[in-house]
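Have a look at entry.txt; it's compact mmCIF, C-alpha atoms:
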```txt
# COMPACT_ATOMS: atom_id res chain seq x y z
CA MET A 1 -7.30 161.38 15.98
CA ARG A 2 -9.69 158.44 15.60
CA GLU A 3 -8.30 155.25 17.12
CA ALA A 4 -7.26 152.56 14.67
CA ARG A 5 -9.38 149.42 14.71
CA VAL A 6 -8.36 145.90 13.77
CA LEU A 7 -10.10 142.60 13.10
CA TYR A 8 -9.72 139.84 15.66
CA GLU A 9 -10.86 136.25 15.22
CA HIS A 10 -12.60 134.48 18.11
CA PRO A 11 -11.10 131.27 19.46
CA ALA A 12 -12.35 128.33 17.36
CA LYS A 13 -15.07 126.99 19.63
CA ARG A 14 -18.83 127.29 19.96
CA LYS A 15 -20.16 129.90 22.33
CA SER A 16 -22.15 128.77 25.36
CA THR A 17 -25.92 128.50 25.05
CA LEU A 18 -28.57 128.35 27.75
CA VAL A 19 -32.03 126.79 27.90
CA CYS A 20 -34.18 127.98 30.82
CA PHE A 21 -37.17 125.91 31.91
CA ASP A 22 -39.88 127.20 34.17
CA PHE A 23 -40.94 124.57 36.73
CA ASP A 24 -44.57 124.88 37.81
CA GLN A 25 -47.05 124.13 35.00
CA THR A 26 -44.14 123.77 32.58
CA ILE A 27 -42.28 120.73 33.87
CA LEU A 28 -45.03 119.79 36.30
CA ASN A 29 -48.70 119.69 35.37
CA GLU A 30 -49.59 121.46 38.61
CA HIS A 31 -48.30 124.48 40.50
CA SER A 32 -46.16 123.01 43.29
CA HIS A 33 -45.53 126.34 45.03
CA ASN A 34 -49.24 127.01 45.42
CA GLN A 35 -49.93 123.41 46.42
CA ILE A 36 -47.32 123.48 49.18
CA LYS A 37 -48.42 126.90 50.38
CA HIS A 38 -51.97 125.62 50.67
CA LYS A 39 -50.79 122.57 52.63
CA GLN A 40 -48.79 124.77 55.00
CA LEU A 41 -51.94 126.64 55.96
CA SER A 42 -53.56 123.42 57.14
CA ASN A 43 -50.53 121.35 58.11
CA PHE A 44 -47.80 122.46 60.51
CA SER A 45 -45.37 119.70 59.51
CA GLU A 46 -41.74 120.82 59.41
CA CYS A 47 -41.19 118.42 56.49
CA ILE A 48 -43.84 119.83 54.18
CA GLU A 49 -41.60 119.74 51.07
CA ALA A 50 -40.51 116.16 51.72
CA ASP A 51 -44.13 115.19 52.34
CA TYR A 52 -45.18 116.79 49.06
CA LEU A 53 -42.39 114.98 47.18
CA GLU A 54 -43.53 111.64 48.59
CA GLU A 55 -47.08 112.42 47.49
CA LEU A 56 -45.82 113.07 43.95
CA LYS A 57 -43.93 109.78 43.90
CA GLU A 58 -47.09 107.90 44.85
CA ARG A 59 -48.84 109.21 41.75
CA LYS A 60 -48.39 108.07 38.17
CA PRO A 61 -45.47 109.95 36.54
CA ASP A 62 -47.62 110.81 33.52
CA GLU A 63 -49.96 112.66 35.87
CA VAL A 64 -47.15 114.53 37.60
CA PHE A 65 -45.10 115.69 34.61
CA LYS A 66 -46.43 117.61 31.63
CA ASN A 67 -45.92 115.31 28.62
CA ARG A 68 -43.41 113.26 30.61
CA GLU A 69 -41.83 111.10 27.89
CA LYS A 70 -41.56 113.93 25.38
CA LEU A 71 -40.20 116.25 28.07
CA ARG A 72 -37.51 113.77 29.06
CA GLU A 73 -36.58 113.17 25.41
CA THR A 74 -36.29 116.93 24.89
CA LEU A 75 -34.07 117.40 27.94
CA ASN A 76 -31.87 114.49 26.84
CA LEU A 77 -31.53 116.06 23.39
CA PHE A 78 -30.59 119.43 24.85
CA PHE A 79 -27.85 117.80 26.91
CA GLU A 80 -26.59 115.96 23.80
CA GLN A 81 -26.52 119.25 21.88
CA GLY A 82 -24.34 120.77 24.59
CA HIS A 83 -26.79 123.34 25.92
CA ASN A 84 -26.55 124.52 29.50
CA ILE A 85 -29.81 123.87 31.36
CA ALA A 86 -31.32 126.02 34.10
CA ILE A 87 -34.59 125.90 36.01
CA THR A 88 -35.90 129.44 36.45
CA SER A 89 -38.83 129.43 38.84
CA PHE A 90 -40.90 131.71 41.05
CA THR A 91 -40.95 129.54 44.17
CA GLU A 92 -39.82 129.42 47.78
CA TYR A 93 -39.18 125.68 47.53
CA LYS A 94 -35.92 125.43 45.65
CA SER A 95 -34.84 122.24 47.42
CA LEU A 96 -37.75 120.37 45.85
CA ILE A 97 -36.69 120.84 42.23
CA ILE A 98 -33.72 118.49 41.78
CA PRO A 99 -35.42 115.56 43.59
CA VAL A 100 -38.45 116.03 41.34
CA LEU A 101 -36.24 116.00 38.24
CA LYS A 102 -34.65 112.80 39.53
CA PHE A 103 -38.16 111.34 39.71
CA LEU A 104 -38.59 112.39 36.06
CA GLY A 105 -35.76 110.01 35.23
CA LEU A 106 -32.76 112.26 34.62
CA SER A 107 -29.36 110.75 35.37
CA LYS A 108 -27.12 111.76 38.25
CA GLU A 109 -24.70 113.34 35.77
CA GLN A 110 -27.48 115.33 34.11
CA LEU A 111 -28.83 116.53 37.45
CA SER A 112 -25.36 117.72 38.46
CA LYS A 113 -25.23 119.95 35.38
CA ILE A 114 -28.56 121.70 35.98
CA HIS A 115 -28.49 125.11 37.63
CA VAL A 116 -31.54 126.01 39.71
CA GLU A 117 -32.48 129.68 39.99
CA ALA A 118 -35.60 129.57 42.16
CA TRP A 119 -36.81 132.47 44.28
CA LEU A 120 -39.67 134.90 44.64
CA PRO A 121 -39.20 138.60 43.86
CA GLU A 122 -39.97 140.97 46.72
CA THR A 123 -43.08 142.36 45.07
CA GLN A 124 -45.75 141.38 42.58
CA ASP A 125 -44.97 144.59 40.73
CA TYR A 126 -41.41 143.36 40.08
CA MET A 127 -42.77 140.10 38.65
CA SER A 128 -45.12 142.00 36.37
CA LYS A 129 -42.48 144.42 35.10
CA PHE A 130 -39.40 142.20 34.85
CA GLY A 131 -40.74 138.63 34.61
CA LYS A 132 -37.94 136.06 34.71
CA ASN A 133 -35.22 138.57 33.72
CA GLY A 134 -33.49 138.39 37.10
CA HIS A 135 -33.52 134.59 37.14
CA ILE A 136 -32.24 134.39 33.56
CA ARG A 137 -29.52 136.92 34.21
CA LYS A 138 -28.19 134.93 37.18
CA ALA A 139 -28.30 131.69 35.19
CA MET A 140 -26.38 133.39 32.37
CA GLY A 141 -23.78 134.52 34.86
CA HIS A 142 -23.48 131.01 36.29
CA PHE A 143 -22.83 129.47 32.87
CA LYS A 144 -20.91 132.48 31.47
CA VAL A 145 -23.37 132.96 28.63
CA ASN A 146 -22.90 136.53 27.44
CA ASP A 147 -25.49 137.06 24.73
CA TYR A 148 -29.27 137.08 25.18
CA GLN A 149 -29.63 135.74 21.64
CA LEU A 150 -28.02 132.49 22.83
CA VAL A 151 -30.71 131.93 25.46
CA MET A 152 -34.12 130.25 25.29
CA LEU A 153 -36.94 130.47 27.85
CA ILE A 154 -39.63 127.77 28.05
CA ASP A 155 -42.44 129.04 30.27
CA ASP A 156 -46.22 128.94 30.70
CA SER A 157 -46.52 132.66 31.54
CA ILE A 158 -47.36 134.99 28.65
CA ASN A 159 -45.95 137.91 30.65
CA ASN A 160 -42.61 136.17 31.23
CA ILE A 161 -42.43 135.22 27.56
CA GLU A 162 -43.17 138.72 26.27
CA ILE A 163 -40.59 140.32 28.57
CA ALA A 164 -37.96 137.77 27.51
CA LYS A 165 -38.70 138.47 23.84
CA TYR A 166 -37.93 142.14 24.48
CA ASN A 167 -34.35 141.09 25.25
CA ASN A 168 -34.14 138.99 22.06
CA ILE A 169 -34.33 135.75 24.03
CA LYS A 170 -35.84 132.84 22.11
CA THR A 171 -39.09 131.76 23.73
CA VAL A 172 -41.55 128.88 23.84
CA LEU A 173 -44.96 129.39 25.45
CA VAL A 174 -46.20 126.27 27.23
CA PRO A 175 -49.97 125.69 27.27
CA ALA A 176 -51.27 125.85 30.84
CA GLU A 177 -53.59 122.86 30.58
CA TYR A 178 -52.94 119.31 31.75
CA ASN A 179 -50.76 117.32 29.31
CA PRO A 180 -51.48 119.53 26.27
CA ASP A 181 -50.46 118.88 22.67
CA PRO A 182 -46.65 118.50 22.90
CA ALA A 183 -46.07 120.61 19.78
CA TYR A 184 -44.46 123.26 22.02
CA LEU A 185 -41.65 120.82 22.79
CA ASP A 186 -41.10 120.24 19.06
CA GLU A 187 -40.82 124.02 18.74
CA ALA A 188 -38.27 124.06 21.58
CA VAL A 189 -36.17 121.41 19.81
CA LYS A 190 -36.13 123.49 16.60
CA LEU A 191 -35.11 126.59 18.52
CA GLY A 192 -32.42 124.55 20.27
CA GLU A 193 -30.97 123.66 16.88
CA GLU A 194 -31.06 127.34 15.92
CA LEU A 195 -29.18 128.20 19.11
CA VAL A 196 -26.42 125.77 18.16
CA LYS A 197 -26.10 127.26 14.67
CA GLN A 198 -26.19 130.80 16.01
CA ALA A 199 -23.60 130.07 18.69
CA THR A 200 -21.27 128.56 16.09
CA ALA A 201 -21.78 131.44 13.66
CA LYS A 202 -21.20 134.06 16.34
CA ASP A 203 -17.96 132.41 17.35
CA ASN A 204 -16.69 132.61 13.77
CA GLU A 205 -17.55 136.28 13.28
CA PRO A 206 -14.56 138.63 13.40
CA GLU A 207 -14.73 141.44 15.92
CA VAL A 208 -13.76 145.02 15.27
CA LEU A 209 -11.48 146.04 18.13
CA THR A 210 -9.68 149.15 19.24
CA SER A 211 -5.92 148.86 19.72
CA LYS A 212 -6.52 148.97 23.48
CA GLU A 213 -8.97 146.06 23.32
CA LYS A 214 -6.54 144.09 21.17
CA ASN A 215 -4.06 144.11 24.04
CA THR A 216 -6.52 142.62 26.53
CA SER A 217 -7.53 138.97 26.76
CA TRP A 218 -10.58 137.66 24.94
CA VAL A 219 -12.05 136.48 28.25
CA ALA A 220 -11.58 139.91 29.83
CA ARG A 221 -13.31 141.60 26.89
CA GLU A 222 -16.20 139.15 27.05
CA ASN A 223 -16.60 139.80 30.78
CA VAL A 224 -16.82 143.55 30.20
CA ARG A 225 -19.32 143.13 27.39
CA ASN A 226 -21.31 140.68 29.47
CA ASP A 227 -21.57 143.19 32.31
CA ASN A 228 -22.58 145.96 29.92
CA GLN A 229 -25.22 143.89 28.15
CA LEU A 230 -26.72 142.31 31.23
CA GLY A 231 -27.15 145.73 32.76
CA LEU A 232 -29.91 146.46 30.27
CA ASN A 233 -33.63 146.03 30.82
CA PHE A 234 -33.54 145.04 34.50
```

The structure in this file should be written as structure tokens.
Amino acid sequence: MREARVLYEHPAKRKSTLVCFDFDQTILNEHSHNQIKHKQLSNFSECIEADYLEELKERKPDEVFKNREKLRETLNLFFEQGHNIAITSFTEYKSLIIPVLKFLGLSKEQLSKIHVEAWLPETQDYMSKFGKNGHIRKAMGHFKVNDYQLVMLIDDSINNIEIAKYNNIKTVLVPAEYNPDPAYLDEAVKLGEELVKQATAKDNEPEVLTSKEKNTSWVARENVRNDNQLGLNF
């Protein structure tokens, strides 16, 4: 006999959303990982990351950050809209990221809310095949975001963008050049507004549940669905 199914209303609150920013050539104009690696080959300082950070601070902020003012405005808006923010970066220098964002002008409270997912995959082949999927998945787990459609990736890599699109993640491709036309940030703001609307709409959609599911908590069901969904395409 087919199991009876019932409608169940979600709790009346917006679902969590996530905005993932790449770091090198997306937040920064340059590629910090490559810059530091190059310095390590010619400089045996044990404080190479701290030295690099001090070098950045000696330069004009508009040279360091890609469209600095517009970038900071966009980040502030995302925080106001209630998005979770993550930095998803291919780099060995994770400890550099938050101090650099402090230099950008973010507040202590804002910095405390940012999750940094920064590491290098074991192989170049992994990067080519899976892009930022692993980084995004871990950031989603950190913020308990359980739907790829409630995630946005802002990145300068066409490969990372195309792979994210395959998972129905909203994407913004950042031009690689120095301080390009900031239209990509306007696009990100529009997509951020869409995320808010989509998160609200999804939370008001009734679910069709089996009688067994009805007797489990909403959180437990979401955890199971999260695990099932995030197991795809990795």

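Neighbouring residues of Pro180 in chain A at 10 Å or closer, counting all atoms listed in the file and skipping chain neighbours under 5 positions away, are Asn29, Lys66, Asn67, Val174 and Pro175 of chain A.
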
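The two atoms in question, CA of Val145 in chain A and CA of Lys165 in chain A, are spaced 17.0 Å apart.
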
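Close contacts of range 126-136 of chain A, defined as residues with an atom at most 6 Å away when counting only C-alpha atoms, with chain neighbours fewer than 5 positions off set aside, comprise Thr88, Glu117 and Asn160 of chain A.
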
Prev. selection, C-alpha atoms, output as a PDB file, keeping the file's coordinate frame:
```pdb
ATOM      1  CA  THR A  88     -35.900 129.440  36.450  1.00  0.00           C
ATOM      2  CA  GLU A 117     -32.480 129.680  39.990  1.00  0.00           C
ATOM      3  CA  ASN A 160     -42.610 136.170  31.230  1.00  0.00           C
TER       4      ASN A 160
END
```

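Between Ala199 in chain A and the candidates A:Leu150, A:Leu77, A:Leu96, A:Leu185, the tightest atom-to-atom separation, counting only C-alpha atoms, involves A:Leu150.
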
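Shortest atom-to-atom contact with Ile97 in chain A among A:Lys202, A:Arg137, A:His115, A:Arg59: A:His115, counting all atoms listed in the file.
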
(message) Under the rule that only C-alpha atoms are counted, which of A:Glu194, A:Glu92, A:Asp125, A:Asp181 is the nearest residue to Asp24 in chain A?
(response) A:Glu92

(request) Please provide as a PyMOL selection string all residues within 8 Å of Tyr148 in chain A, with the sequence filter that same-chain residues fewer than 5 positions apart are discarded (counting all atoms listed in the file). (result) chain A and resi 167-169

Preceding selection exported with C-alpha atoms as a tab-separated table (two decimals), keeping the file's coordinate frame:
```tsv
chain	number	residue	atom	x	y	z
A	167	ASN	CA	-34.35	141.09	25.25
A	168	ASN	CA	-34.14	138.99	22.06
A	169	ILE	CA	-34.33	135.75	24.03
```

(request) Enter the distance from CA of Pro61 in chain A to CA of Ile114 in chain A, in Å, rounded to one decimal. (result) 20.6 Å

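Distances here use only C-alpha atoms; by that measure, the residue among A:Leu111, A:Asp51, A:Glu69, A:Thr91 closest to Ser32 in chain A is A:Thr91.
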
(message) Restricting the calculation to all atoms listed in the file: of A:Glu54, A:Glu80, A:Glu63, A:Glu122, which residue gets closest to Val189 in chain A?
(response) A:Glu80

(request) Just give me the gap between CA of Lys15 in chain A and CA of Asn146 in chain A in Å, one decimal is fine. (result) 8.8 Å

Reconstruct all heavy atoms of range 54-65 of chain A from the incomplete input and present them as a compact mmCIF listing (two decimals), in the coordinates of the input.
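Final file, result_22.txt:
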```txt
# COMPACT_ATOMS: atom_id res chain seq x y z
N GLU A 54 -43.07 113.03 48.45
CA GLU A 54 -43.53 111.64 48.59
C GLU A 54 -44.91 111.46 47.98
O GLU A 54 -45.20 110.42 47.39
CB GLU A 54 -43.54 111.24 50.07
CG GLU A 54 -42.15 111.09 50.67
CD GLU A 54 -41.27 110.15 49.87
OE1 GLU A 54 -41.73 109.02 49.56
OE2 GLU A 54 -40.13 110.53 49.53
N GLU A 55 -45.75 112.48 48.11
CA GLU A 55 -47.08 112.42 47.49
C GLU A 55 -46.95 112.34 45.97
O GLU A 55 -47.69 111.59 45.31
CB GLU A 55 -47.90 113.65 47.88
CG GLU A 55 -48.36 113.66 49.32
CD GLU A 55 -49.14 114.92 49.65
OE1 GLU A 55 -49.59 115.61 48.71
OE2 GLU A 55 -49.30 115.22 50.85
N LEU A 56 -46.03 113.12 45.40
CA LEU A 56 -45.82 113.07 43.95
C LEU A 56 -45.38 111.68 43.51
O LEU A 56 -45.86 111.15 42.50
CB LEU A 56 -44.76 114.10 43.53
CG LEU A 56 -45.12 115.58 43.56
CD1 LEU A 56 -43.96 116.40 43.01
CD2 LEU A 56 -46.38 115.87 42.77
N LYS A 57 -44.48 111.09 44.27
CA LYS A 57 -43.93 109.78 43.90
C LYS A 57 -44.98 108.67 43.96
O LYS A 57 -44.83 107.63 43.33
CB LYS A 57 -42.75 109.43 44.80
CG LYS A 57 -41.52 110.28 44.56
CD LYS A 57 -40.38 109.87 45.48
CE LYS A 57 -39.12 110.66 45.21
NZ LYS A 57 -38.01 110.28 46.13
N GLU A 58 -46.02 108.90 44.74
CA GLU A 58 -47.09 107.90 44.85
C GLU A 58 -48.05 107.98 43.67
O GLU A 58 -48.85 107.07 43.46
CB GLU A 58 -47.86 108.11 46.16
CG GLU A 58 -47.04 107.75 47.40
CD GLU A 58 -47.76 108.09 48.69
OE1 GLU A 58 -48.91 108.60 48.60
OE2 GLU A 58 -47.19 107.87 49.77
N ARG A 59 -47.96 109.05 42.90
CA ARG A 59 -48.84 109.21 41.75
C ARG A 59 -48.17 108.69 40.49
O ARG A 59 -46.96 108.47 40.45
CB ARG A 59 -49.21 110.69 41.59
CG ARG A 59 -50.13 111.17 42.70
CD ARG A 59 -50.03 112.66 42.95
NE ARG A 59 -50.30 113.44 41.75
CZ ARG A 59 -50.18 114.77 41.71
NH1 ARG A 59 -49.79 115.43 42.79
NH2 ARG A 59 -50.44 115.42 40.61
N LYS A 60 -48.95 108.51 39.44
CA LYS A 60 -48.39 108.07 38.17
C LYS A 60 -47.55 109.20 37.57
O LYS A 60 -48.00 110.35 37.54
CB LYS A 60 -49.51 107.69 37.20
CG LYS A 60 -50.31 106.48 37.64
CD LYS A 60 -51.41 106.17 36.64
CE LYS A 60 -52.21 104.95 37.08
NZ LYS A 60 -53.31 104.64 36.13
N PRO A 61 -46.34 108.90 37.10
CA PRO A 61 -45.47 109.95 36.54
C PRO A 61 -46.13 110.75 35.42
O PRO A 61 -45.89 111.95 35.31
CB PRO A 61 -44.26 109.16 36.02
CG PRO A 61 -44.22 107.94 36.88
CD PRO A 61 -45.66 107.59 37.15
N ASP A 62 -46.96 110.09 34.61
CA ASP A 62 -47.62 110.81 33.52
C ASP A 62 -48.63 111.83 34.02
O ASP A 62 -49.00 112.75 33.29
CB ASP A 62 -48.32 109.83 32.58
CG ASP A 62 -47.32 109.05 31.73
OD1 ASP A 62 -46.20 109.56 31.52
OD2 ASP A 62 -47.65 107.94 31.29
N GLU A 63 -49.07 111.67 35.27
CA GLU A 63 -49.96 112.66 35.87
C GLU A 63 -49.16 113.83 36.45
O GLU A 63 -49.62 114.97 36.44
CB GLU A 63 -50.79 112.02 36.99
CG GLU A 63 -51.75 110.95 36.53
CD GLU A 63 -52.48 110.30 37.70
OE1 GLU A 63 -52.22 110.71 38.86
OE2 GLU A 63 -53.29 109.40 37.45
N VAL A 64 -47.98 113.52 36.93
CA VAL A 64 -47.15 114.53 37.60
C VAL A 64 -46.51 115.48 36.59
O VAL A 64 -46.57 116.71 36.75
CB VAL A 64 -46.06 113.86 38.45
CG1 VAL A 64 -45.09 114.90 39.02
CG2 VAL A 64 -46.69 113.04 39.57
N PHE A 65 -45.90 114.90 35.55
CA PHE A 65 -45.10 115.69 34.61
C PHE A 65 -45.89 115.99 33.34
O PHE A 65 -46.60 115.13 32.81
CB PHE A 65 -43.82 114.94 34.24
CG PHE A 65 -42.91 114.72 35.41
CD1 PHE A 65 -42.86 113.48 36.04
CD2 PHE A 65 -42.13 115.75 35.90
CE1 PHE A 65 -42.03 113.28 37.12
CE2 PHE A 65 -41.30 115.56 36.99
CZ PHE A 65 -41.25 114.32 37.61
```
